[in-house]
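Visitor: Okay, here's the structure, questions in a sec.
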Amino acid sequence: MTAEKRIPLHELREITNGFSVDSRIGQGGYGDVYKGLYKGRDVAVKLLHVDTVQGIDDQQYLNEVGNLLRVKHPNIMQLFGYSYETTSELVEHKGKQGLINTYIESSASSTCRVKA
Ligand SMILES: Nc1ncnc2c1ncn2[C@@H]1O[C@H](COP(=O)(O)OP(=O)(O)OP(=O)(O)O)[C@@H](O)[C@H]1O
């Protein structure tokens with residue numbers, strides 16, 4: 001997997017105005033697609049749905065991205081980069097013993113393509 005193709009999630013969040021409704025240009029079965037300007041290029045950013053991300057393990061995601069990065073064909077949209085981050089959220093809830101802190105781990109994954 002090429003490290004230089006990895007894009008921090010916060011950068012994709014910035015160029016899509018926080019994955020705003022106004023930036024949304026399409027919807028696929030596995031996620032919504034947003035427009036953005038990345039390093040001077042128009043790009044389409046696909047944010048995978050939470051249930052999609054939960055349905056695949058990290059290795060499957062990286063394998064899929066690795067395969068798509070290698071695909072080069074005039075009729076196929078070039079995958080430009082990907083984001084792959086795990087976030088930890090501190091959740092407090094009340095149990096019998098008082099407040100319980102739980103770290104919820106979730107993967108946040110998205111792909112970024114050069115727009116046609
Ligand atoms: N590069 C792009 N430029 C402009 N619009 C795009 C681009 N990529 C996707 N879209 C828009 O987003 C929609 C969904 O694209 P996507 O590639 O996710 O479709 P899909 O292959 O059907 O999805 P999935 O694989 O999740 O089922 C497209 O129908 C189109 O409207």
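Chain identifiers are assigned as A, B, and so on, following the order in which chains appear in the structure tokens; residues are numbered from 1 within each chain, and ligands are numbered from 1 in order of appearance.
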Give me, as a tab-separated table, each residue of chain A that comes within 8 Å of ligand 1, together with its shortest interatomic pair and the distance in Å at one decimal, counting only C-alpha atoms and all ligand atoms, with rows ordered by chain and rising residue number.

Guide:
residue	atom	partner	partner_atom_place_in_ligand_line	distance
A:Ile25	CA	ligand 1	11 (C)	5.5
A:Gly26	CA	ligand 1	12 (O)	3.3
A:Gln27	CA	ligand 1	14 (C)	4.3
A:Gly28	CA	ligand 1	23 (O)	3.4
A:Gly29	CA	ligand 1	27 (O)	3.5
A:Tyr30	CA	ligand 1	26 (O)	3.5
A:Gly31	CA	ligand 1	26 (O)	5.3
A:Asp32	CA	ligand 1	18 (O)	6.3
A:Val33	CA	ligand 1	12 (O)	5.0
A:Tyr34	CA	ligand 1	12 (O)	7.6
A:Lys35	CA	ligand 1	4 (C)	7.5
A:Val43	CA	ligand 1	1 (N)	6.6
A:Ala44	CA	ligand 1	1 (N)	4.9
A:Val45	CA	ligand 1	8 (N)	7.7
A:Lys46	CA	ligand 1	18 (O)	6.5
A:Leu48	CA	ligand 1	26 (O)	7.8
A:Met77	CA	ligand 1	1 (N)	6.6
A:Arg113	CA	ligand 1	1 (N)	6.0
A:Val114	CA	ligand 1	1 (N)	6.0
A:Lys115	CA	ligand 1	1 (N)	3.8
A:Ala116	CA	ligand 1	1 (N)	5.2

Visitor: Using only C-alpha atoms, pick whichever of A:Phe80, A:Gly55, A:Arg6, A:Leu69 has the shortest atom-to-atom distance to Arg41 (chain A).

Guide: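 When distances to Arg41 (chain A) are compared using only C-alpha atoms, the smallest one comes from A:Phe80.
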
Visitor: Compile the contact shell of Leu9 (chain A) as a ChimeraX atom specification: residues with an atom at most 7 Å away, counting only C-alpha atoms, same-chain residues fewer than 3 positions apart removed.

Guide: /A:12-13,83

Visitor: Can you tell me, as a list in words, which residues in region 3-54 of chain A count as helix (DSSP H, G or I) by DSSP?

Guide: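 Everything in region 3-54 of chain A that counts as helix (DSSP H, G or I) is Ala3, Glu4, Lys5, Leu9, His10, Glu11, Leu12, Arg13, Glu14, Ile15, Val21, Asp22, Ser23, Val50, Asp51, Thr52, Val53 and Gln54 of chain A.
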
Visitor: How would the residues just picked look written out with N, CA, C and O atoms as a CSV table (one decimal), in the first residue's frame?

Guide:
chain,number,residue,atom,x,y,z
A,3,ALA,N,2.0,4.8,0.9
A,3,ALA,CA,1.7,5.7,2.0
A,3,ALA,C,1.3,7.1,1.5
A,3,ALA,O,0.5,7.8,2.0
A,4,GLU,N,2.0,7.5,0.3
A,4,GLU,CA,1.7,8.8,-0.2
A,4,GLU,C,0.3,9.0,-0.7
A,4,GLU,O,-0.1,10.1,-0.9
A,5,LYS,N,-0.4,7.9,-0.9
A,5,LYS,CA,-1.8,8.1,-1.4
A,5,LYS,C,-2.8,8.2,-0.2
A,5,LYS,O,-4.0,8.3,-0.4
A,9,LEU,N,-8.1,12.1,7.2
A,9,LEU,CA,-9.5,12.3,7.1
A,9,LEU,C,-9.9,13.8,7.3
A,9,LEU,O,-10.9,14.3,6.6
A,10,HIS,N,-9.2,14.5,8.1
A,10,HIS,CA,-9.6,15.9,8.4
A,10,HIS,C,-9.5,16.7,7.1
A,10,HIS,O,-10.2,17.7,6.9
A,11,GLU,N,-8.5,16.4,6.2
A,11,GLU,CA,-8.4,17.1,5.0
A,11,GLU,C,-9.6,16.9,4.1
A,11,GLU,O,-10.1,17.8,3.4
A,12,LEU,N,-10.1,15.7,4.0
A,12,LEU,CA,-11.2,15.4,3.2
A,12,LEU,C,-12.5,16.1,3.8
A,12,LEU,O,-13.4,16.5,3.1
A,13,ARG,N,-12.5,16.1,5.1
A,13,ARG,CA,-13.6,16.8,5.8
A,13,ARG,C,-13.6,18.3,5.5
A,13,ARG,O,-14.6,18.9,5.2
A,14,GLU,N,-12.4,18.9,5.4
A,14,GLU,CA,-12.3,20.3,5.1
A,14,GLU,C,-12.7,20.6,3.7
A,14,GLU,O,-13.5,21.5,3.5
A,15,ILE,N,-12.3,19.8,2.7
A,15,ILE,CA,-12.6,20.1,1.3
A,15,ILE,C,-14.0,19.8,1.0
A,15,ILE,O,-14.5,20.3,-0.1
A,21,VAL,N,-24.3,18.6,3.1
A,21,VAL,CA,-25.4,18.3,2.2
A,21,VAL,C,-25.1,19.0,0.9
A,21,VAL,O,-25.3,18.5,-0.2
A,22,ASP,N,-24.7,20.3,1.0
A,22,ASP,CA,-24.4,21.1,-0.2
A,22,ASP,C,-23.3,20.6,-1.1
A,22,ASP,O,-23.2,20.8,-2.3
A,23,SER,N,-22.3,19.8,-0.5
A,23,SER,CA,-21.2,19.3,-1.2
A,23,SER,C,-21.6,17.9,-1.8
A,23,SER,O,-20.8,17.4,-2.6
A,50,VAL,N,-21.5,3.8,7.7
A,50,VAL,CA,-21.0,3.1,8.9
A,50,VAL,C,-21.2,1.6,8.8
A,50,VAL,O,-20.3,0.9,9.1
A,51,ASP,N,-22.4,1.2,8.3
A,51,ASP,CA,-22.7,-0.2,8.3
A,51,ASP,C,-21.8,-0.9,7.2
A,51,ASP,O,-21.5,-2.1,7.4
A,52,THR,N,-21.4,-0.2,6.2
A,52,THR,CA,-20.5,-0.7,5.2
A,52,THR,C,-19.1,-1.0,5.9
A,52,THR,O,-18.5,-2.0,5.7
A,53,VAL,N,-18.7,0.1,6.6
A,53,VAL,CA,-17.3,0.0,7.3
A,53,VAL,C,-17.3,-1.2,8.3
A,53,VAL,O,-16.4,-1.9,8.4
A,54,GLN,N,-18.5,-1.3,9.0
A,54,GLN,CA,-18.5,-2.3,10.0
A,54,GLN,C,-18.6,-3.7,9.4
A,54,GLN,O,-18.2,-4.7,10.1

Visitor: Which of these, A:Ile7, A:Val71, A:Glu85, A:Gly36, has the shortest distance to Asp58 (chain A) once you count only C-alpha atoms?

Guide: A:Glu85

Visitor: Can you work out the spacing between CA of Val65 (chain A) and CA of Tyr38 (chain A) in Å, to one decimal?

Guide: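 These atoms are spaced 18.7 Å apart.
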
Visitor: What is the CA of Asn63 (chain A) to CA of Tyr84 (chain A) distance in Å?

Guide: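 So the answer is 12.2 Å.
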
Visitor: Please compute the CA of Leu47 (chain A)-CA of Phe19 (chain A) distance, one decimal, in Å.

Guide: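 We find that CA of Leu47 (chain A) and CA of Phe19 (chain A) lie 8.2 Å from each other.
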
Visitor: Have a look at A:Gly40, A:Gly81, A:Gly18, A:Pro8 and name the one nearest to Asn67 (chain A); count only C-alpha atoms.

Guide: A:Gly81
